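So this one's input07.txt, compact mmCIF, C-alpha atoms and all ligand atoms:
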```txt
# COMPACT_ATOMS: atom_id res chain seq x y z
CA MET A 234 0.00 0.00 0.00
CA HIS A 235 2.77 2.43 0.77
CA LYS A 236 4.98 3.85 -1.89
CA HIS A 237 8.71 4.32 -1.67
CA GLY A 238 9.93 7.26 0.38
CA GLY A 239 12.38 9.97 -0.48
CA LYS A 240 10.67 10.91 -3.73
CA LYS A 241 10.74 14.60 -4.55
CA SER A 242 7.62 15.96 -6.17
CA LYS A 243 5.83 19.23 -6.71
CA GLN A 244 2.63 19.82 -4.89
CA SER A 245 0.00 22.50 -4.88
CA ASN A 246 -0.97 24.36 -1.71
CA SER A 247 -0.41 22.61 1.55
CA LYS A 248 -3.56 21.59 3.31
CA SER A 249 -4.29 22.66 6.82
CA SER A 250 -6.96 22.01 9.33
CA GLY A 251 -8.29 24.52 11.78
CA GLY A 252 -7.89 23.90 15.43
CA HIS A 253 -6.61 25.56 18.50
CA SER A 254 -4.94 28.95 17.98
CA PRO A 255 -3.55 28.41 14.49
CA ARG A 256 -1.19 31.04 13.07
CA ARG A 257 -2.31 31.89 9.59
CA THR A 258 -0.40 32.54 6.42
CA ARG A 259 -1.87 33.72 3.13
CA SER A 260 -2.43 30.20 1.84
CA SER A 261 -2.43 28.02 4.88
CA SER A 262 -2.51 27.99 8.61
CA LEU A 263 0.77 27.28 10.31
CA ARG A 264 0.81 26.00 13.80
CA ARG A 265 3.76 25.56 16.03
CA GLY A 266 3.74 22.10 17.56
CA SER A 267 4.23 23.97 20.78
CA SER A 268 5.21 27.35 22.04
CA LEU A 269 8.77 28.62 22.28
CA ARG A 270 9.68 28.10 25.85
CA ARG A 271 6.95 26.08 27.49
CA PRO A 272 5.66 23.51 25.08
CA GLU A 273 2.11 22.31 24.78
CA SER A 274 3.77 18.96 25.24
CA PRO A 275 5.34 18.33 28.62
CA PRO A 276 9.08 18.60 29.08
CA GLU A 277 10.97 15.43 29.78
CA ASN A 278 12.19 14.44 33.23
CA GLY A 279 10.17 17.24 34.70
CA ASN A 280 13.15 19.15 33.39
CA THR A 281 11.65 22.57 33.12
CA SER A 282 14.85 24.46 33.72
CA GLN A 283 16.40 25.56 30.46
CA GLY A 284 19.55 27.02 31.87
CA GLY A 285 21.82 25.97 34.68
CA LYS A 286 21.47 26.92 38.29
CA THR A 287 19.76 30.03 39.43
CA SER A 288 20.19 31.46 42.85
CA VAL A 289 17.47 33.93 43.76
CA GLU A 290 18.07 34.71 47.34
CA VAL A 291 17.17 38.27 47.92
CA GLY A 292 18.13 39.37 51.39
CA GLU A 293 21.88 39.43 51.10
CA SER A 294 24.20 40.84 53.72
CA SER A 295 25.98 44.06 52.83
CA GLU A 296 29.24 42.17 52.43
CA GLU A 297 27.84 40.30 49.44
CA LYS A 298 29.67 37.10 50.29
CA GLU A 299 27.75 35.17 47.71
CA MET A 300 28.49 37.17 44.62
CA SER A 301 26.09 35.14 42.50
CA ARG A 302 23.00 36.32 44.37
CA LEU A 303 20.76 39.25 43.72
CA MET A 304 21.23 42.16 46.08
CA LEU A 305 18.43 43.25 48.36
CA ASN A 306 19.20 46.95 47.90
CA PRO A 307 19.49 48.35 44.39
CA VAL A 308 22.65 50.17 43.38
CA LYS A 309 21.00 53.57 43.08
CA ASN A 310 23.70 55.31 41.08
CA HIS A 311 23.86 52.52 38.50
CA LYS A 312 22.39 53.44 35.14
CA PRO A 313 20.63 50.34 33.78
CA GLU A 314 20.84 49.32 30.16
CA LYS A 315 17.91 49.43 27.77
CA TYR A 316 16.53 46.07 26.65
CA GLU A 317 13.71 46.99 24.27
CA ASP A 318 15.59 45.84 21.19
CA LEU A 319 15.93 42.27 22.43
CA GLY A 320 12.50 41.28 21.18
CA LEU A 321 10.96 41.41 24.66
CA ASP A 322 7.58 42.96 25.31
CA ILE A 323 7.61 46.44 26.88
CA SER A 324 6.89 45.28 30.43
CA SER A 325 9.67 42.69 30.28
CA SER A 326 12.23 45.18 29.03
CA LEU A 327 11.28 47.59 31.85
CA LEU A 328 11.45 44.75 34.33
CA PHE A 329 14.92 43.89 33.09
CA SER A 330 16.07 47.48 33.50
CA SER A 331 14.76 47.59 37.08
CA LEU A 332 16.13 44.18 37.99
CA GLU A 333 19.55 45.12 36.67
CA MET A 334 20.08 47.43 39.64
CA HIS A 335 19.85 44.37 41.92
CA LEU A 336 22.44 42.35 40.08
CA PRO A 337 25.51 41.14 41.95
CA ARG A 338 28.22 43.79 41.73
CA THR A 339 30.43 41.52 39.67
CA LEU A 340 27.78 41.42 36.98
CA LEU A 341 26.86 45.10 36.88
CA ARG A 342 29.54 45.94 34.37
CA ALA A 343 29.24 42.69 32.39
CA PRO A 344 28.13 42.83 28.73
CA ARG A 345 24.44 43.51 28.34
CA ASP A 346 23.64 40.07 26.87
CA GLN A 347 25.26 38.34 29.82
CA LYS A 348 23.16 40.38 32.25
CA ALA A 349 20.01 39.77 30.23
CA SER A 350 20.59 36.05 30.14
CA TYR A 351 21.25 35.96 33.91
CA MET A 352 18.05 37.86 34.61
CA GLN A 353 16.02 35.74 32.22
CA GLU A 354 17.10 32.67 34.13
CA ILE A 355 15.96 34.20 37.38
CA LEU A 356 12.60 35.20 35.98
CA HIS A 357 11.97 31.67 34.80
CA GLU A 358 11.88 30.63 38.40
CA TYR A 359 8.64 32.55 38.59
CA ALA A 360 6.77 30.60 35.95
CA PRO A 361 3.02 31.28 35.75
CA PRO A 362 0.98 29.13 38.15
CA ALA A 363 -0.79 27.43 35.22
CA LEU A 364 2.52 25.97 34.07
CA ILE A 365 3.51 24.89 37.54
CA TYR A 366 0.09 23.25 37.87
CA ARG A 367 0.54 21.47 34.55
CA ASP A 368 3.92 20.07 35.63
CA GLN A 369 2.38 18.86 38.86
CA LEU A 370 -0.46 17.16 36.98
CA GLN A 371 2.01 15.49 34.68
CA LYS A 372 4.03 14.22 37.62
CA GLU A 373 0.95 12.73 39.27
CA TYR A 374 -0.20 11.23 35.97
CA ARG A 375 3.13 9.48 35.46
CA GLU A 376 3.25 8.27 39.06
CA LYS A 377 -0.20 6.77 38.71
CA ILE A 378 0.81 4.91 35.54
CA MET A 379 4.12 3.69 36.90
CA SER A 380 2.48 2.36 40.07
CA SER A 381 0.23 -0.07 38.22
CA TYR A 382 0.98 -0.41 34.50
CA GLN A 383 2.45 -3.78 33.51
CA PRO A 384 4.35 -3.55 30.20
CA LEU A 385 3.56 -6.11 27.53
CA HIS A 386 7.09 -6.21 26.06
CA GLN A 387 9.52 -5.48 28.85
CA GLU A 388 12.44 -5.92 26.44
CA LEU A 389 11.54 -2.64 24.71
CA TYR A 390 12.35 -0.60 27.78
CA THR A 391 16.07 -1.29 27.71
CA MET A 392 18.20 -0.25 24.76
CA ASP A 393 19.19 -3.27 22.67
CA PRO A 394 20.80 -1.91 19.49
CA ALA A 395 20.95 -5.20 17.58
CA ALA A 396 17.25 -5.85 18.21
CA PHE A 397 16.12 -2.28 17.55
CA PHE A 398 18.18 -1.11 14.56
CA VAL A 399 18.95 -2.48 11.11
CA PRO A 400 22.63 -3.48 10.61
CA THR A 401 23.37 -0.76 8.03
CA PHE A 402 22.32 1.92 10.47
CA LEU A 403 24.35 0.41 13.30
CA GLU A 404 27.45 0.19 11.14
CA ALA A 405 27.17 3.82 10.13
CA ILE A 406 26.76 4.91 13.74
CA ASN A 407 29.68 2.76 14.85
CA ASP A 408 31.93 4.27 12.17
CA ASN A 409 30.78 7.68 13.36
CA THR A 410 31.91 9.77 10.42
CA GLU A 411 29.98 12.10 8.16
CA GLN A 412 30.90 9.84 5.28
CA SER A 413 29.51 6.74 6.98
CA PHE A 414 26.28 8.58 7.81
CA ARG A 415 25.90 9.86 4.27
CA SER A 416 26.48 6.38 2.89
CA ILE A 417 23.14 5.22 4.32
CA MET A 418 21.20 8.49 4.00
CA SER A 419 19.52 10.47 1.25
CA GLU A 420 19.26 14.23 1.55
CA PRO A 421 16.49 15.02 -0.95
CA VAL A 422 16.42 18.69 0.09
CA PRO A 423 19.04 20.38 2.27
CA GLY A 424 18.58 19.49 5.93
CA ILE A 425 16.12 16.62 5.49
CA PHE A 426 17.58 13.13 5.74
CA THR A 427 15.85 9.82 5.05
CA PHE A 428 17.26 6.41 5.87
CA GLU A 429 16.40 2.88 6.92
CA MET A 430 16.56 2.64 10.69
CA LEU A 431 14.34 0.28 12.70
CA GLN A 432 13.92 -3.49 12.62
CA PRO A 433 10.41 -4.62 11.54
CA HIS A 434 10.04 -6.74 14.68
CA PHE A 435 10.89 -3.79 16.93
CA CYS A 436 8.32 -1.63 15.09
CA GLU A 437 5.62 -4.26 15.58
CA LEU A 438 6.39 -4.68 19.28
CA LEU A 439 6.34 -0.92 19.84
CA ILE A 440 2.94 -0.59 18.16
CA SER A 441 1.53 -3.42 20.24
CA GLU A 442 2.98 -1.90 23.44
CA ALA A 443 1.26 1.40 22.62
CA GLU A 444 -2.03 -0.41 21.96
CA HIS A 445 -1.62 -2.36 25.18
CA PHE A 446 -1.11 0.87 27.11
CA GLU A 447 -4.26 2.39 25.55
CA LYS A 448 -6.31 -0.66 26.52
CA TRP A 449 -4.92 -0.65 30.03
CA ALA A 450 -5.68 3.05 30.43
CA TYR A 451 -9.23 2.51 29.20
CA LYS A 452 -9.78 -0.27 31.74
CA ALA A 453 -8.13 1.77 34.49
CA LYS A 454 -10.44 4.69 33.56
CA LEU A 455 -7.40 6.85 33.06
CA CYS A 456 -7.75 9.68 30.61
CA VAL A 457 -4.70 9.38 28.31
CA MET A 458 -2.70 12.58 27.82
CA ARG A 459 -2.12 13.02 24.09
CA PRO A 460 1.23 13.94 22.57
CA ASN A 461 0.32 17.53 21.67
CA THR A 462 -2.55 19.75 20.63
CA MET A 463 -2.47 18.41 17.08
CA ASN A 464 -3.37 14.85 18.10
CA LYS A 465 -6.49 13.35 19.63
CA TYR A 466 -4.93 9.89 19.45
CA GLY A 467 -1.45 8.57 20.07
CA VAL A 468 0.53 8.13 23.28
CA VAL A 469 3.47 9.78 24.99
CA LEU A 470 6.15 7.12 25.46
CA ASP A 471 7.82 9.04 28.27
CA ASP A 472 4.60 8.75 30.29
CA PHE A 473 4.73 4.98 30.61
CA GLY A 474 8.33 4.13 31.26
CA PHE A 475 10.26 4.80 28.07
CA GLN A 476 12.18 7.84 29.27
CA THR A 477 15.45 6.13 30.09
CA MET A 478 15.49 4.05 26.92
CA LEU A 479 14.72 7.09 24.78
CA ASN A 480 17.48 9.10 26.48
CA LYS A 481 19.91 6.42 25.39
CA PHE A 482 18.32 6.24 21.95
CA ILE A 483 18.95 9.94 21.47
CA GLU A 484 22.35 10.09 23.10
CA ASP A 485 23.81 7.14 21.22
CA PHE A 486 21.88 7.09 17.95
CA ILE A 487 20.57 10.58 17.16
CA SER A 488 23.12 12.94 18.69
CA PRO A 489 25.99 11.54 16.58
CA LEU A 490 23.96 12.50 13.50
CA SER A 491 22.63 15.80 14.77
CA LYS A 492 26.11 16.90 15.88
CA VAL A 493 27.19 16.64 12.27
CA PHE A 494 24.09 17.83 10.45
CA TYR A 495 22.45 20.33 12.82
CA ALA A 496 25.34 21.72 14.84
CA GLU A 497 24.29 25.33 14.17
CA ALA A 498 20.77 24.59 15.36
CA GLY A 499 21.44 22.99 18.75
CA GLY A 500 22.10 19.50 17.39
CA ALA A 501 25.40 19.25 19.27
CA THR A 502 23.83 19.84 22.69
CA LEU A 503 20.57 17.84 22.74
CA ASP A 504 19.61 17.23 26.34
CA SER A 505 15.88 16.51 26.54
CA HIS A 506 13.11 15.13 24.41
CA HIS A 507 9.44 14.51 23.93
CA GLY A 508 8.89 10.99 22.61
CA PHE A 509 5.51 9.83 21.32
CA ILE A 510 3.60 7.71 18.86
CA VAL A 511 1.00 9.14 16.49
CA GLU A 512 -1.79 7.01 15.16
CA CYS A 513 -3.45 8.08 11.93
CA GLY A 514 -6.25 6.68 9.81
CA LEU A 515 -9.94 5.99 9.94
CA HIS A 516 -11.43 6.79 13.37
CA ARG A 517 -8.05 8.17 14.38
CA ASP A 518 -6.17 11.41 13.59
CA VAL A 519 -6.55 11.71 9.86
CA GLU A 520 -3.95 14.32 8.99
CA THR A 521 -1.40 16.47 10.78
CA GLU A 522 -1.76 20.14 10.08
CA PHE A 523 0.99 22.42 8.78
CA HIS A 524 3.30 23.25 11.68
CA VAL A 525 6.80 23.45 13.07
CA ASP A 526 7.85 21.21 15.95
CA ASP A 527 8.82 22.28 19.42
CA SER A 528 12.22 20.71 18.91
CA GLU A 529 15.67 21.49 17.65
CA VAL A 530 15.82 18.20 15.75
CA THR A 531 12.99 15.78 14.99
CA LEU A 532 13.19 12.09 14.21
CA ASN A 533 10.04 10.69 12.59
CA VAL A 534 10.03 6.93 11.93
CA CYS A 535 7.15 5.05 10.40
CA LEU A 536 6.37 1.90 12.41
CA GLY A 537 3.65 0.56 10.06
CA ARG A 538 1.18 -0.99 9.58
CA GLN A 539 -0.83 -1.06 6.36
CA PHE A 540 -2.02 2.33 5.14
CA SER A 541 -2.55 4.61 2.17
CA GLY A 542 -1.80 8.33 2.17
CA GLY A 543 -0.20 10.06 5.15
CA GLU A 544 2.61 11.65 3.11
CA LEU A 545 4.74 14.25 4.80
CA TYR A 546 5.09 17.57 3.02
CA PHE A 547 7.92 19.98 3.79
CA ARG A 548 7.89 23.67 2.89
CA GLY A 549 11.17 25.21 4.00
CA LEU A 550 13.07 26.05 7.16
CA ARG A 551 12.13 29.30 8.92
CA CYS A 552 12.80 31.25 12.12
CA ASP A 553 9.85 32.73 14.05
CA LYS A 554 10.00 36.04 12.24
CA HIS A 555 9.75 34.37 8.83
CA LEU A 556 7.41 31.54 9.81
CA HIS A 557 4.64 32.68 7.48
CA THR A 558 6.63 33.57 4.39
CA ILE A 559 6.01 31.78 1.11
CA SER A 560 7.87 28.63 0.10
CA HIS A 561 10.33 28.62 -2.78
CA SER A 562 9.99 25.89 -5.40
CA GLU A 563 13.27 24.26 -4.38
CA GLU A 564 11.97 23.89 -0.81
CA ILE A 565 8.95 21.83 -1.78
CA PHE A 566 9.44 18.23 -0.79
CA ASP A 567 6.94 15.41 -0.33
CA TYR A 568 7.77 12.12 1.31
CA SER A 569 5.81 8.86 1.49
CA HIS A 570 6.32 6.97 4.73
CA VAL A 571 7.86 3.51 4.61
CA PRO A 572 7.75 1.29 7.73
CA GLY A 573 11.13 1.15 9.45
CA CYS A 574 12.40 4.24 7.60
CA ALA A 575 13.27 7.49 9.33
CA VAL A 576 13.05 11.14 8.40
CA LEU A 577 15.39 13.40 10.33
CA HIS A 578 14.74 17.12 10.11
CA HIS A 579 15.27 20.45 11.79
CA GLY A 580 12.35 21.13 14.15
CA ARG A 581 11.70 24.46 12.44
CA HIS A 582 11.35 22.89 9.02
CA ARG A 583 7.71 23.65 8.16
CA HIS A 584 5.75 20.49 7.50
CA GLY A 585 2.53 18.54 7.84
CA ALA A 586 1.15 15.09 7.03
CA ARG A 587 -1.61 14.46 4.52
CA ALA A 588 -4.67 12.36 5.28
CA THR A 589 -4.12 8.69 5.92
CA PHE A 590 -7.25 7.64 4.08
CA ALA A 591 -7.07 3.85 4.39
CA GLY A 592 -5.68 1.55 7.02
CA HIS A 593 -3.74 2.70 10.07
CA ARG A 594 -0.40 4.41 10.28
CA PHE A 595 1.75 4.49 13.42
CA ASN A 596 4.82 6.74 13.60
CA LEU A 597 7.41 7.19 16.29
CA LEU A 598 8.26 10.86 16.89
CA LEU A 599 11.19 12.11 18.90
CA TRP A 600 11.27 15.86 19.37
CA CYS A 601 14.85 16.41 20.54
CA ARG A 602 15.65 19.61 22.39
CA SER A 603 18.64 21.55 23.59
CA SER A 604 18.18 23.80 26.61
CA PHE A 605 21.58 25.38 25.97
CA TYR A 606 20.65 26.31 22.41
CA ARG A 607 17.30 27.74 23.50
CA GLU A 608 19.00 29.90 26.08
CA MET A 609 21.54 31.12 23.55
CA GLN A 610 19.10 31.93 20.80
CA LYS A 611 16.70 33.86 23.00
CA PHE A 612 18.38 37.15 22.36
CA LYS A 613 19.30 36.47 18.78
CA ARG A 614 17.51 38.00 15.86
CA ASP A 615 19.63 36.78 12.99
CA PHE A 616 19.27 33.11 12.08
CA SER A 617 21.03 33.32 8.75
CA GLY A 618 22.90 30.12 9.68
CA TRP A 619 19.75 28.16 8.83
CA CYS A 620 16.77 30.43 8.03
CA VAL A 621 16.60 31.00 4.29
CA GLU A 622 14.88 34.37 4.67
CA CYS A 623 17.32 35.66 7.31
CA ASN A 624 20.11 34.59 5.02
CA GLN A 625 18.53 36.45 2.10
CA GLU A 626 18.03 39.59 4.21
CA LYS A 627 21.67 39.45 5.24
CA LYS A 628 22.80 39.14 1.63
CA ASP A 629 20.52 42.00 0.55
CA LYS A 630 21.91 44.18 3.30
CA LYS A 631 25.46 43.38 2.27
CA ASP A 632 24.64 44.14 -1.39
CA ARG A 633 23.09 47.46 -0.40
CA MET A 634 26.15 48.36 1.63
CA LEU A 635 28.48 47.39 -1.20
CA SER A 636 26.55 49.41 -3.74
CA ALA A 637 26.40 52.39 -1.35
CA TYR A 638 30.15 52.04 -0.91
CA ASP A 639 30.63 51.89 -4.69
CA THR A 640 28.50 54.97 -5.21
CA THR A 641 30.33 56.89 -2.51
CA GLY A 642 33.65 55.74 -3.92
CA MET A 643 32.71 56.90 -7.41
CA GLU A 644 31.62 60.27 -6.06
CA ILE A 645 34.87 60.71 -4.19
CA LEU A 646 36.82 59.75 -7.33
CA ARG A 647 34.80 62.20 -9.42
CA GLU A 648 35.62 64.89 -6.87
CA GLY A 649 39.32 64.02 -7.21
CA GLY A 650 39.72 62.14 -3.90
CA THR A 651 40.68 58.53 -3.24
CA THR A 652 38.84 55.65 -1.71
CA ALA A 653 40.57 53.85 1.09
O1 LIG A 701 2.19 12.17 11.01
C1 LIG A 701 3.37 12.44 10.78
O2 LIG A 701 4.16 11.67 10.26
C2 LIG A 701 3.88 13.80 11.20
C3 LIG A 701 3.77 14.04 12.64
C4 LIG A 701 4.47 15.29 13.04
O3 LIG A 701 4.97 16.03 12.25
C5 LIG A 701 4.58 15.63 14.46
O4 LIG A 701 3.93 15.00 15.29
O5 LIG A 701 5.34 16.56 14.79
FE FE A 702 5.96 17.68 13.25
```
Is it possible to express this structure as structure tokens?
Ligand SMILES: O=C(O)CCC(=O)C(=O)O
Ligand SMILES: [Fe+2]
Amino acid sequence: MHKHGGKKSKQSNSKSSGGHSPRRTRSSSLRRGSSLRRPESPPENGNTSQGGKTSVEVGESSEEKEMSRLMLNPVKNHKPEKYEDLGLDISSSLLFSSLEMHLPRTLLRAPRDQKASYMQEILHEYAPPALIYRDQLQKEYREKIMSSYQPLHQELYTMDPAAFFVPTFLEAINDNTEQSFRSIMSEPVPGIFTFEMLQPHFCELLISEAEHFEKWAYKAKLCVMRPNTMNKYGVVLDDFGFQTMLNKFIEDFISPLSKVFYAEAGGATLDSHHGFIVECGLHRDVETEFHVDDSEVTLNVCLGRQFSGGELYFRGLRCDKHLHTISHSEEIFDYSHVPGCAVLHHGRHRHGARATFAGHRFNLLLWCRSSFYREMQKFKRDFSGWCVECNQEKKDKKDRMLSAYDTTGMEILREGGTTA
């Protein structure tokens, strides 16, 4: 029923469904799988901290023994920086300016970005109660599952490379060179890689484990938390015991690839994930709307079974600012899922999945994240390293400067001067 993957074809407008708070473009709605900092999907390990430590102990002695703490009394004669240009809303930039006067003395004269990043970390400690409540709910939900769920295939919960992965993939990972990776991968458009990855038996066991969990939850009268706001079906693997195995999966089998292919986009520092299975078809989720993932790097592997449709469509890599810009013809790429085969892409590569109109399709999704990268990019506005439109803007700016320089040079020459 399924066709071969990796085929590049033209396609008319991407289809999109409505739904919760979609962000619209001229021709389609584009939804982010989740928001920038706090995803609609839960963070892994209850790991909500995106930076390192934060010490927020106001009430310091005048001697300031602990130089890393905020000071109770502001330094009145300190003139705070302005932060409006960092893409913050007005109240946040004012808050930053006020908070700056309480910074430890050692930081007061640090570069502005360093101060901003320090303060941002502190403010995260004061997450809105709704988010704290959500984390608490998630914790209780997982505890409830772990206290009584009996896995069907215990062997899936411990990494077993030979049983999980096909030999070609394992060899490439063991060799651990760009050349060995490329020898098993196709890159039909820049930044999207397709390759054979999972053993058929592993795929079948994982599907049946997910179905077993659903049945158990139904019997236990437990309302299953879905992977994200785009899915009404599917399960979060991290919720029922897969966290440790998936950590290893990412550390040993995705990070080596992402270090090479997505280094400029956080691929070298992946440290958390959201792992889930989507289930598409009749009486399930039919299609996945046009969106970007809440991930730095996404692995999407088809597990089976029999189905028609469900093709992925990609429409170019964009930063937030350029999320709704049109696609260029060379960015248009359609891919037909093949069981056992993986698609690896940048989380910000705009995509969706067409209707699975017959049979059932199960896919394993790993949204891989880097807290370090997120922290670093917060104050950045130029993503020309990977955003096509930022890159174009940068080139245009350079061209304008060069032509202005040429014009000025010509004028100076005409007036009998010299250009340096
Ligand atoms: O159904 C698919 O294969 C796409 C799913 C997807 O893009 C996602 O869950 O982020
Ligand atoms: Fe996605």
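Put simply, atom CA of Asp485 of chain A is 26.7 Å away from atom CA of Arg459 of chain A.
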Centre, edges in Å (one decimal): axis-aligned box, segment 433-439 of chain A, 4 Å padding on all six sides, as lines of an AutoDock Vina configuration file:
```
center_x = 8.3
center_y = -3.8
center_z = 15.7
size_x = 13.3
size_y = 13.8
size_z = 16.3
```
Per residue of chain A within 9 Å of ligand FE 702 (chain A), note the shortest atom pair and the distance in Å to one decimal, counting all atoms listed in the file, and order the rows by chain and increasing residue number, as a Markdown table.
```
| residue | atom | partner | partner_atom | distance |
| --- | --- | --- | --- | --- |
| A:Arg265 | CA | A:FE702 | FE | 8.6 |
| A:Gly266 | CA | A:FE702 | FE | 6.6 |
| A:Thr521 | CA | A:FE702 | FE | 7.9 |
| A:Glu522 | CA | A:FE702 | FE | 8.7 |
| A:Phe523 | CA | A:FE702 | FE | 8.2 |
| A:His524 | CA | A:FE702 | FE | 6.4 |
| A:Val525 | CA | A:FE702 | FE | 5.8 |
| A:Asp526 | CA | A:FE702 | FE | 4.8 |
| A:Asp527 | CA | A:FE702 | FE | 8.2 |
| A:Ser528 | CA | A:FE702 | FE | 9.0 |
| A:Thr531 | CA | A:FE702 | FE | 7.5 |
| A:Asn533 | CA | A:FE702 | FE | 8.1 |
| A:Gly580 | CA | A:FE702 | FE | 7.3 |
| A:Arg581 | CA | A:FE702 | FE | 8.9 |
| A:His582 | CA | A:FE702 | FE | 8.6 |
| A:Arg583 | CA | A:FE702 | FE | 8.0 |
| A:His584 | CA | A:FE702 | FE | 6.4 |
| A:Gly585 | CA | A:FE702 | FE | 6.5 |
| A:Ala586 | CA | A:FE702 | FE | 8.3 |
| A:Leu598 | CA | A:FE702 | FE | 8.1 |
| A:Trp600 | CA | A:FE702 | FE | 8.3 |
```
Mind running segment 575-616 of chain A against segment 348-369 of chain A at 12 Å and telling me each contacting residue's nearest atom pair with the distance in Å (one decimal), counting all atoms listed in the file, chain and number ascending, as JSON lines?
```
{"residue": "A:Ser604", "atom": "CA", "partner": "A:Glu354", "partner_atom": "CA", "distance": 11.7}
{"residue": "A:Phe605", "atom": "CA", "partner": "A:Ser350", "partner_atom": "CA", "distance": 11.5}
{"residue": "A:Arg607", "atom": "CA", "partner": "A:Ser350", "partner_atom": "CA", "distance": 11.1}
{"residue": "A:Glu608", "atom": "CA", "partner": "A:Ser350", "partner_atom": "CA", "distance": 7.5}
{"residue": "A:Met609", "atom": "CA", "partner": "A:Ser350", "partner_atom": "CA", "distance": 8.3}
{"residue": "A:Gln610", "atom": "CA", "partner": "A:Ser350", "partner_atom": "CA", "distance": 10.3}
{"residue": "A:Lys611", "atom": "CA", "partner": "A:Ser350", "partner_atom": "CA", "distance": 8.4}
{"residue": "A:Phe612", "atom": "CA", "partner": "A:Ser350", "partner_atom": "CA", "distance": 8.2}
{"residue": "A:Lys613", "atom": "CA", "partner": "A:Ser350", "partner_atom": "CA", "distance": 11.4}
```
Keeping only C-alpha atoms, write those residues as a PDB file, in the coordinates of the input.
```pdb
ATOM      1  CA  SER A 604      18.180  23.800  26.610  1.00  0.00           C
ATOM      2  CA  PHE A 605      21.580  25.380  25.970  1.00  0.00           C
ATOM      3  CA  ARG A 607      17.300  27.740  23.500  1.00  0.00           C
ATOM      4  CA  GLU A 608      19.000  29.900  26.080  1.00  0.00           C
ATOM      5  CA  MET A 609      21.540  31.120  23.550  1.00  0.00           C
ATOM      6  CA  GLN A 610      19.100  31.930  20.800  1.00  0.00           C
ATOM      7  CA  LYS A 611      16.700  33.860  23.000  1.00  0.00           C
ATOM      8  CA  PHE A 612      18.380  37.150  22.360  1.00  0.00           C
ATOM      9  CA  LYS A 613      19.300  36.470  18.780  1.00  0.00           C
TER      10      LYS A 613
END
```
ask   = Could you state the separation of atom CA of Ser491 of chain A and atom CA of His386 of chain A in Å, given to one decimal place?
value = 29.2 Å
query = Which of these, A:Leu532, A:Leu327, A:Val308, A:Cys620, has the shortest distance to ligand LIG 701 (chain A) once you count all atoms listed in the file?
reply =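 Of A:Leu532, A:Leu327, A:Val308, A:Cys620, the one nearest ligand LIG 701 (chain A) is A:Leu532, counting all atoms listed in the file.
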inquiry  = So, with only C-alpha atoms as the atoms that count, which of A:Gln476, A:Ser488, A:Asn306, A:Gln383 lies closest to Leu336 of chain A?
reply    =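 Using only C-alpha atoms, Leu336 of chain A sits closest to A:Asn306.
Distance-wise, atom CA of Pro337 of chain A and atom CA of Lys312 of chain A end up 14.4 Å apart.
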Option closest in space to Asn409 of chain A, from A:Val576, A:Leu303, A:Leu490, A:Leu503 [counting only C-alpha atoms] =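 Checking each candidate against Asn409 of chain A, we get A:Leu490 as the closest.
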inquiry  = I'd like the contact shell of Phe595 of chain A - 8 Å cut-off, all atoms listed in the file, skipping same-chain residues fewer than 5 positions apart - returned as a ChimeraX atom specification.
reply    = /A:440,510-513,535-538
key: Option closest in space to ligand LIG 701 (chain A), from A:Asp567, A:Asp471, A:Glu442, A:Glu314 [counting only C-alpha atoms and all ligand atoms]   =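 Ranked by minimum distance to ligand LIG 701 (chain A), first place goes to A:Asp567.
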key: Nearest-residue call for ligand LIG 701 (chain A), choices A:Glu626, A:Glu317, A:Glu563, A:Glu544, using only C-alpha atoms and all ligand atoms   =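 Nearest to ligand LIG 701 (chain A): A:Glu544.
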message = Let me make sure I understand: among A:Tyr390, A:Tyr546, A:Trp619, A:Tyr374, which one has the smallest atom-to-atom distance to ligand LIG 701 (chain A) if we use all atoms listed in the file?
response =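 Selected residue with least distance to ligand LIG 701 (chain A): A:Tyr546.
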request  = Quick one: residues within 10 Å of (16.0, 19.3, 0.2) (file frame), counting all atoms listed in the file, please, as a ChimeraX atom specification.
outcome  = /A:241,419-426,547-549,563-567
Residues just named, written with C-alpha atoms as an mmCIF file, in the coordinates of the input:
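Result file is again.cif:
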```cif
data_model
loop_
_atom_site.group_PDB
_atom_site.id
_atom_site.type_symbol
_atom_site.label_atom_id
_atom_site.label_comp_id
_atom_site.auth_asym_id
_atom_site.auth_seq_id
_atom_site.Cartn_x
_atom_site.Cartn_y
_atom_site.Cartn_z
ATOM 1 C CA LYS A 241 10.740 14.600 -4.550
ATOM 2 C CA SER A 419 19.520 10.470 1.250
ATOM 3 C CA GLU A 420 19.260 14.230 1.550
ATOM 4 C CA PRO A 421 16.490 15.020 -0.950
ATOM 5 C CA VAL A 422 16.420 18.690 0.090
ATOM 6 C CA PRO A 423 19.040 20.380 2.270
ATOM 7 C CA GLY A 424 18.580 19.490 5.930
ATOM 8 C CA ILE A 425 16.120 16.620 5.490
ATOM 9 C CA PHE A 426 17.580 13.130 5.740
ATOM 10 C CA PHE A 547 7.920 19.980 3.790
ATOM 11 C CA ARG A 548 7.890 23.670 2.890
ATOM 12 C CA GLY A 549 11.170 25.210 4.000
ATOM 13 C CA GLU A 563 13.270 24.260 -4.380
ATOM 14 C CA GLU A 564 11.970 23.890 -0.810
ATOM 15 C CA ILE A 565 8.950 21.830 -1.780
ATOM 16 C CA PHE A 566 9.440 18.230 -0.790
ATOM 17 C CA ASP A 567 6.940 15.410 -0.330
#
```
Keeping C-alpha atoms, write segment 440-445 of chain A of the structure just shown out as an mmCIF file, in the first residue's frame.
```cif
data_model
loop_
_atom_site.group_PDB
_atom_site.id
_atom_site.type_symbol
_atom_site.label_atom_id
_atom_site.label_comp_id
_atom_site.auth_asym_id
_atom_site.auth_seq_id
_atom_site.Cartn_x
_atom_site.Cartn_y
_atom_site.Cartn_z
ATOM 1 C CA ILE A 440 2.943 -0.593 18.162
ATOM 2 C CA SER A 441 1.526 -3.421 20.242
ATOM 3 C CA GLU A 442 2.982 -1.902 23.435
ATOM 4 C CA ALA A 443 1.260 1.398 22.617
ATOM 5 C CA GLU A 444 -2.032 -0.407 21.958
ATOM 6 C CA HIS A 445 -1.622 -2.358 25.185
#
```
